[in-house]
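Shown below: work.cif, with mmCIF, C-alpha atoms and all ligand atoms.
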```cif
data_query
#
loop_
_atom_site.label_atom_id
_atom_site.label_comp_id
_atom_site.auth_asym_id
_atom_site.auth_seq_id
_atom_site.Cartn_x
_atom_site.Cartn_y
_atom_site.Cartn_z
CA MET A 142 -81.02 27.11 -135.87
CA ILE A 143 -79.94 27.93 -132.35
CA GLY A 144 -78.80 31.53 -132.11
CA GLU A 145 -80.94 32.64 -134.99
CA LYS A 146 -84.30 32.68 -133.32
CA LYS A 147 -86.54 35.69 -133.78
CA ARG A 148 -86.50 37.57 -130.52
CA LEU A 149 -89.80 39.00 -129.32
CA ALA A 150 -90.39 41.47 -126.52
CA ILE A 151 -93.84 41.64 -124.96
CA LEU A 152 -95.15 44.92 -123.57
CA ALA A 153 -97.66 44.32 -120.82
CA SER A 154 -98.83 46.43 -117.93
CA GLY A 155 -101.53 44.48 -116.19
CA LYS A 156 -102.50 40.99 -115.22
CA GLY A 157 -100.61 39.49 -118.12
CA SER A 158 -102.67 36.41 -118.88
CA ASN A 159 -101.95 36.81 -122.59
CA ALA A 160 -98.28 37.48 -121.96
CA LEU A 161 -97.96 34.31 -119.86
CA ASN A 162 -99.86 32.33 -122.47
CA ILE A 163 -97.53 33.57 -125.20
CA ILE A 164 -94.46 32.78 -123.08
CA GLY A 165 -95.73 29.23 -122.61
CA TYR A 166 -96.51 28.79 -126.30
CA PHE A 167 -93.02 29.79 -127.47
CA LYS A 168 -91.07 28.14 -124.65
CA LYS A 169 -89.66 25.39 -126.82
CA HIS A 170 -90.28 26.96 -130.21
CA PRO A 171 -87.57 26.23 -132.79
CA SER A 172 -87.42 29.70 -134.35
CA ILE A 173 -89.10 32.23 -132.03
CA GLU A 174 -88.28 33.15 -128.45
CA ILE A 175 -89.68 35.57 -125.90
CA ALA A 176 -86.64 37.56 -124.86
CA PHE A 177 -88.17 40.12 -122.50
CA ILE A 178 -91.30 41.40 -120.88
CA LEU A 179 -91.36 45.19 -120.82
CA SER A 180 -93.69 47.21 -118.64
CA ASN A 181 -94.32 50.78 -117.64
CA ASN A 182 -95.90 49.58 -114.41
CA PRO A 183 -93.46 48.33 -111.77
CA GLU A 184 -96.43 46.89 -109.83
CA ALA A 185 -97.82 44.90 -112.77
CA ASP A 186 -98.79 41.34 -111.84
CA ILE A 187 -97.08 40.09 -114.97
CA LEU A 188 -93.69 41.19 -113.60
CA LYS A 189 -94.14 39.09 -110.46
CA SER A 190 -95.11 36.09 -112.59
CA CYS A 191 -92.01 36.61 -114.73
CA ASP A 192 -89.76 36.81 -111.68
CA GLU A 193 -91.18 33.49 -110.52
CA SER A 194 -90.75 31.82 -113.90
CA GLY A 195 -87.36 33.32 -114.74
CA VAL A 196 -88.38 35.46 -117.72
CA GLU A 197 -86.33 38.65 -117.98
CA THR A 198 -88.11 41.95 -117.46
CA PHE A 199 -87.45 45.60 -118.17
CA VAL A 200 -89.40 48.45 -116.55
CA PHE A 201 -89.41 51.96 -117.99
CA HIS A 202 -90.97 55.28 -117.10
CA SER A 203 -93.10 57.53 -119.25
CA LYS A 204 -90.34 60.13 -119.56
CA HIS A 205 -87.85 57.54 -120.86
CA PHE A 206 -90.40 56.13 -123.27
CA TYR A 207 -91.59 59.38 -124.80
CA GLU A 208 -88.69 61.80 -124.37
CA THR A 209 -85.57 59.70 -124.89
CA ASP A 210 -84.26 56.82 -126.99
CA GLN A 211 -83.54 54.68 -123.92
CA VAL A 212 -86.20 52.08 -124.59
CA LEU A 213 -85.36 51.96 -128.29
CA GLU A 214 -81.66 51.57 -127.49
CA PHE A 215 -82.46 48.75 -125.10
CA LEU A 216 -84.49 46.96 -127.79
CA LYS A 217 -81.67 47.38 -130.29
CA GLU A 218 -79.00 46.17 -127.86
CA GLU A 219 -81.09 43.12 -127.10
CA LYS A 220 -81.60 42.49 -130.82
CA ILE A 221 -85.38 42.44 -130.51
CA ASP A 222 -87.08 41.68 -133.83
CA CYS A 223 -90.74 42.28 -132.97
CA LEU A 224 -92.81 43.85 -130.23
CA ILE A 225 -95.96 42.18 -128.99
CA LEU A 226 -98.48 44.27 -127.06
CA ALA A 227 -100.60 42.35 -124.57
CA GLY A 228 -102.49 44.68 -122.29
CA PHE A 229 -100.29 47.70 -122.91
CA LEU A 230 -102.31 50.92 -122.94
CA TRP A 231 -99.90 53.63 -124.06
CA LEU A 232 -99.35 54.81 -127.62
CA ILE A 233 -95.99 53.76 -129.05
CA PRO A 234 -93.67 56.73 -129.68
CA GLU A 235 -92.49 57.65 -133.16
CA ASN A 236 -88.88 56.53 -132.67
CA ILE A 237 -89.97 52.96 -131.89
CA LEU A 238 -92.72 52.92 -134.53
CA HIS A 239 -90.16 53.95 -137.12
CA ALA A 240 -87.55 51.37 -136.06
CA PHE A 241 -90.13 48.57 -135.82
CA HIS A 242 -92.21 49.33 -138.89
CA ASP A 243 -94.79 46.53 -139.39
CA ARG A 244 -93.18 44.67 -136.48
CA ILE A 245 -95.43 45.75 -133.60
CA ILE A 246 -98.54 43.65 -133.00
CA ASN A 247 -101.47 44.30 -130.66
CA ILE A 248 -104.60 42.43 -129.68
CA HIS A 249 -107.89 44.19 -129.07
CA PRO A 250 -110.85 42.56 -127.31
CA ALA A 251 -113.50 43.52 -129.90
CA LEU A 252 -114.07 43.60 -133.63
CA LEU A 253 -112.24 46.67 -134.89
CA PRO A 254 -112.79 49.18 -136.40
CA ASP A 255 -115.76 49.29 -134.02
CA PHE A 256 -115.28 49.68 -130.28
CA GLY A 257 -111.68 50.87 -130.50
CA GLY A 258 -109.84 54.08 -129.69
CA LYS A 259 -108.82 55.91 -126.55
CA GLY A 260 -110.49 54.62 -123.40
CA MET A 261 -111.68 51.46 -125.11
CA TYR A 262 -110.00 48.84 -122.96
CA GLY A 263 -110.97 46.23 -120.40
CA LYS A 264 -114.61 46.15 -119.31
CA ASN A 265 -115.33 49.46 -121.12
CA VAL A 266 -115.10 47.65 -124.43
CA HIS A 267 -117.47 44.85 -123.49
CA ALA A 268 -119.96 47.27 -121.91
CA ALA A 269 -119.99 49.35 -125.11
CA VAL A 270 -120.48 46.25 -127.26
CA LEU A 271 -123.42 45.08 -125.15
CA GLN A 272 -124.89 48.57 -125.04
CA SER A 273 -124.84 48.71 -128.85
CA GLY A 274 -127.05 45.65 -129.14
CA ALA A 275 -124.48 43.85 -131.31
CA LYS A 276 -125.14 40.15 -131.84
CA GLN A 277 -121.49 39.24 -131.96
CA SER A 278 -118.13 40.39 -130.66
CA GLY A 279 -114.66 38.96 -131.00
CA ILE A 280 -110.96 39.71 -131.10
CA THR A 281 -108.78 41.67 -133.48
CA VAL A 282 -105.04 41.30 -133.94
CA HIS A 283 -103.56 44.28 -135.72
CA LEU A 284 -100.35 46.09 -136.48
CA VAL A 285 -99.65 49.15 -134.38
CA ASN A 286 -99.39 52.69 -135.71
CA GLU A 287 -99.52 56.16 -134.16
CA LYS A 288 -103.24 55.95 -133.32
CA TYR A 289 -105.12 53.76 -130.86
CA ASP A 290 -106.34 50.51 -132.43
CA ALA A 291 -106.04 51.84 -135.99
CA GLY A 292 -103.27 49.78 -137.64
CA LYS A 293 -103.73 47.15 -140.33
CA ILE A 294 -105.90 44.25 -139.19
CA ILE A 295 -104.22 40.86 -139.57
CA PHE A 296 -106.70 38.56 -137.84
CA GLN A 297 -110.21 38.55 -136.43
CA LYS A 298 -112.32 35.88 -134.79
CA THR A 299 -115.90 36.28 -133.68
CA CYS A 300 -118.04 34.94 -130.87
CA VAL A 301 -121.80 35.03 -130.43
CA ILE A 302 -123.35 37.35 -127.86
CA ASP A 303 -126.04 35.45 -125.98
CA ASP A 304 -129.31 37.03 -124.87
CA ASN A 305 -128.28 37.03 -121.21
CA GLU A 306 -124.67 38.09 -121.84
CA THR A 307 -122.99 40.26 -119.20
CA THR A 308 -119.72 42.18 -119.36
CA GLU A 309 -118.20 39.46 -117.16
CA SER A 310 -119.36 36.55 -119.32
CA LEU A 311 -118.35 38.34 -122.51
CA SER A 312 -114.98 39.20 -121.02
CA HIS A 313 -114.47 35.52 -120.23
CA LYS A 314 -115.40 34.44 -123.77
CA ILE A 315 -113.05 37.01 -125.27
CA LYS A 316 -110.12 36.07 -123.02
CA THR A 317 -110.57 32.45 -124.05
CA LEU A 318 -110.53 33.44 -127.73
CA GLU A 319 -107.42 35.53 -127.15
CA HIS A 320 -105.57 32.72 -125.43
CA GLU A 321 -106.56 30.23 -128.13
CA ASN A 322 -105.54 32.43 -131.04
CA TYR A 323 -103.00 35.15 -130.26
CA PRO A 324 -99.82 33.03 -130.05
CA GLY A 325 -100.59 31.23 -133.30
CA VAL A 326 -101.38 34.48 -135.10
CA ILE A 327 -98.07 35.94 -133.92
CA GLU A 328 -96.22 32.82 -135.05
CA LYS A 329 -97.86 32.90 -138.50
CA TYR A 330 -97.25 36.61 -139.02
CA ILE A 331 -93.58 36.37 -138.07
CA SER A 332 -92.97 33.22 -140.10
CA GLU A 333 -94.60 34.70 -143.18
CA LYS A 334 -92.74 37.97 -142.79
CA GLU A 335 -89.50 36.06 -142.52
CA ALA A 336 -90.28 34.15 -145.72
CA THR A 337 -90.87 37.29 -147.84
C1 LIG A 401 -106.64 41.77 -123.35
O1 LIG A 401 -108.01 41.62 -123.29
C2 LIG A 401 -106.25 42.41 -124.65
O2 LIG A 401 -107.19 42.28 -125.66
C3 LIG A 401 -106.12 43.87 -124.30
O3 LIG A 401 -105.68 43.89 -122.99
C4 LIG A 401 -106.12 42.74 -122.30
C5 LIG A 401 -104.96 42.19 -121.52
O4 LIG A 401 -105.36 41.15 -120.68
N1 LIG A 401 -105.26 44.55 -125.23
P1 LIG A 401 -104.27 40.29 -119.91
O5 LIG A 401 -103.48 41.24 -119.04
O6 LIG A 401 -103.43 39.63 -120.94
O7 LIG A 401 -105.07 39.32 -119.10
#
```
For the structure just supplied, provide its representation as structure tokens.
Ligand code: GRF
Amino acid sequence: MIGEKKRLAILASGKGSNALNIIGYFKKHPSIEIAFILSNNPEADILKSCDESGVETFVFHSKHFYETDQVLEFLKEEKIDCLILAGFLWLIPENILHAFHDRIINIHPALLPDFGGKGMYGKNVHAAVLQSGAKQSGITVHLVNEKYDAGKIIFQKTCVIDDNETTESLSHKIKTLEHENYPGVIEKYISEKEAT
């Protein structure tokens, strides 16, 4: 029903291809809406894209995030139900983790628990995967806790690593998998949570 949609806020600090893809997916959704894009990076490309497409944004600084309740208060005032991380590199502070228990979702561009943790983002991840000699990689969607990439895994999908694979080609394969799967995984998780 109108007015009772689940309100999601996306945290993104970079290019924002996943964030834009998620925005598109939920644009006319009957029960889920993207209420805000939050970023710690005022220069993030995703903010410019949001300005152009009319999605509301909120930028915060490290001090506000980690030393005050300002971001949490904002989320509460805006009646945000879930947080979606899409290229957001900072750990989530305890006040927000506590208030959004089991309601913060992240996507990682490899098959956790391998190739996760601090510093494992962007091309670093794909380079480490190739370096390991792994025959497959993939994506992991997981809940967020106080450690990097360590929360409960809710979805994984694999892709084959070809003999001549490069970090660029693997990165492209993984982005495609992310775009194909992340919005639907979010939708399923939220719908099932709502039903329980
Ligand atoms: C994605 O690869 C995601 O797995 C990771 O950050 C990247 C963000 O890419 N958490 P984009 O900004 O959505 O293009």
Within 10 Å of stretch 168-176 of chain A using all atoms listed in the file, minus same-chain residues under 3 positions, as an mmCIF file with C-alpha atoms, keeping the file's coordinate frame:
```
data_model
loop_
_atom_site.group_PDB
_atom_site.id
_atom_site.type_symbol
_atom_site.label_atom_id
_atom_site.label_comp_id
_atom_site.auth_asym_id
_atom_site.auth_seq_id
_atom_site.Cartn_x
_atom_site.Cartn_y
_atom_site.Cartn_z
ATOM 1 C CA MET A 142 -81.020 27.110 -135.870
ATOM 2 C CA ILE A 143 -79.940 27.930 -132.350
ATOM 3 C CA GLY A 144 -78.800 31.530 -132.110
ATOM 4 C CA GLU A 145 -80.940 32.640 -134.990
ATOM 5 C CA LYS A 146 -84.300 32.680 -133.320
ATOM 6 C CA LYS A 147 -86.540 35.690 -133.780
ATOM 7 C CA ARG A 148 -86.500 37.570 -130.520
ATOM 8 C CA LEU A 149 -89.800 39.000 -129.320
ATOM 9 C CA ALA A 150 -90.390 41.470 -126.520
ATOM 10 C CA ILE A 151 -93.840 41.640 -124.960
ATOM 11 C CA ALA A 160 -98.280 37.480 -121.960
ATOM 12 C CA ASN A 162 -99.860 32.330 -122.470
ATOM 13 C CA ILE A 163 -97.530 33.570 -125.200
ATOM 14 C CA ILE A 164 -94.460 32.780 -123.080
ATOM 15 C CA GLY A 165 -95.730 29.230 -122.610
ATOM 16 C CA LEU A 179 -91.360 45.190 -120.820
ATOM 17 C CA VAL A 196 -88.380 35.460 -117.720
ATOM 18 C CA GLU A 197 -86.330 38.650 -117.980
ATOM 19 C CA THR A 198 -88.110 41.950 -117.460
ATOM 20 C CA GLU A 219 -81.090 43.120 -127.100
ATOM 21 C CA LYS A 220 -81.600 42.490 -130.820
ATOM 22 C CA ILE A 221 -85.380 42.440 -130.510
ATOM 23 C CA ASP A 222 -87.080 41.680 -133.830
ATOM 24 C CA CYS A 223 -90.740 42.280 -132.970
ATOM 25 C CA LEU A 224 -92.810 43.850 -130.230
ATOM 26 C CA ILE A 225 -95.960 42.180 -128.990
ATOM 27 C CA ILE A 327 -98.070 35.940 -133.920
ATOM 28 C CA GLU A 328 -96.220 32.820 -135.050
ATOM 29 C CA ILE A 331 -93.580 36.370 -138.070
ATOM 30 C CA SER A 332 -92.970 33.220 -140.100
#
```
Wanna dump the chain A-ligand LIG 401 (chain A) contacts at 6 Å for me, each residue with its shortest atom pair and the distance in Å to one decimal, counting only C-alpha atoms and all ligand atoms, ordered by chain and number, as CSV?
```
residue,atom,partner,partner_atom,distance
A:Gly155,CA,A:LIG401,O5,4.7
A:Lys156,CA,A:LIG401,O5,4.0
A:Gly157,CA,A:LIG401,O5,3.5
A:Ser158,CA,A:LIG401,O7,3.8
A:Asn159,CA,A:LIG401,O6,3.6
A:Ala160,CA,A:LIG401,O6,5.7
A:Ala227,CA,A:LIG401,N1,5.2
A:Gly228,CA,A:LIG401,O3,3.4
A:Ile248,CA,A:LIG401,O2,4.8
A:His249,CA,A:LIG401,O2,4.0
A:Pro250,CA,A:LIG401,O2,4.0
A:Lys316,CA,A:LIG401,O1,5.9
```
### For A:Ser273, the nearest of the candidates A:Asp255, A:Glu287, A:Glu235, A:Glu335, counting only C-alpha atoms
A:Asp255
### Query
Do you know which residues are at most 9 Å from A:Val266 counting only C-alpha atoms, after dropping those on the same chain fewer than 3 positions away, and could you put them as a ChimeraX atom specification?
/A:250-251,256-257,260-263,269-271,308
### Task
Excluding A:Ile280 and any residue of its chain fewer than 2 positions from it, enumerate the residues within 10 Å of it, using only C-alpha atoms, and give them as a PyMOL selection string.
chain A and resi 248-253+278+282-283+296-300+315-316+318-319+322-323
Taking all atoms of stretch 162-174 of chain A that appear in the file, build a box with edges along x, y and z, extend it by 8 Å on every side, and state its centre and edge lengths in Å to one decimal, as JSON.
```
{"center_x": -93.6, "center_y": 29.5, "center_z": -128.4, "size_x": 28.4, "size_y": 24.2, "size_z": 27.9}
```
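In this comparison, which uses only C-alpha atoms, the residue of A:Trp231, A:Leu238, A:His202, A:Gln277 approaching A:Tyr289 most closely is A:Trp231.
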### Message
Nearest residue to A:Asp290 out of A:Gly274, A:Ile233, A:Glu306, A:Ala240, using all atoms listed in the file?
### Response
A:Ile233
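Rounded to one decimal, atom CA of A:Leu230 and atom CA of A:Pro324 lie 19.4 Å from each other.
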### Contacts of A:Asn182 at 9 Å (all atoms listed in the file; same-chain gap of 5+ positions) as a list in words
Ala153, Ser154, Gly155, Leu188, Val200, Phe201 and His202 of chain A
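Going from atom CA of A:Leu226 over to atom CA of A:Leu152, you cover 4.9 Å.
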### Query
Between A:Gly292, A:Ile187, A:Lys264, A:Leu284, which is the closest to A:Ser312 once you count all atoms listed in the file?
A:Lys264
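When all atoms listed in the file are used to measure the gap to A:Leu311, the shortest distance among A:Lys189, A:Lys259, A:His267, A:Lys217 belongs to A:His267.
Residue nearest A:Lys276 within the list A:Glu321, A:Asp303, A:Asp210, A:Asp243: A:Asp303 [criterion: smallest interatomic distance, all atoms listed in the file].
With atom CA of A:Phe199 on one side and atom CA of A:Glu333 on the other, the separation reads 28.2 Å.
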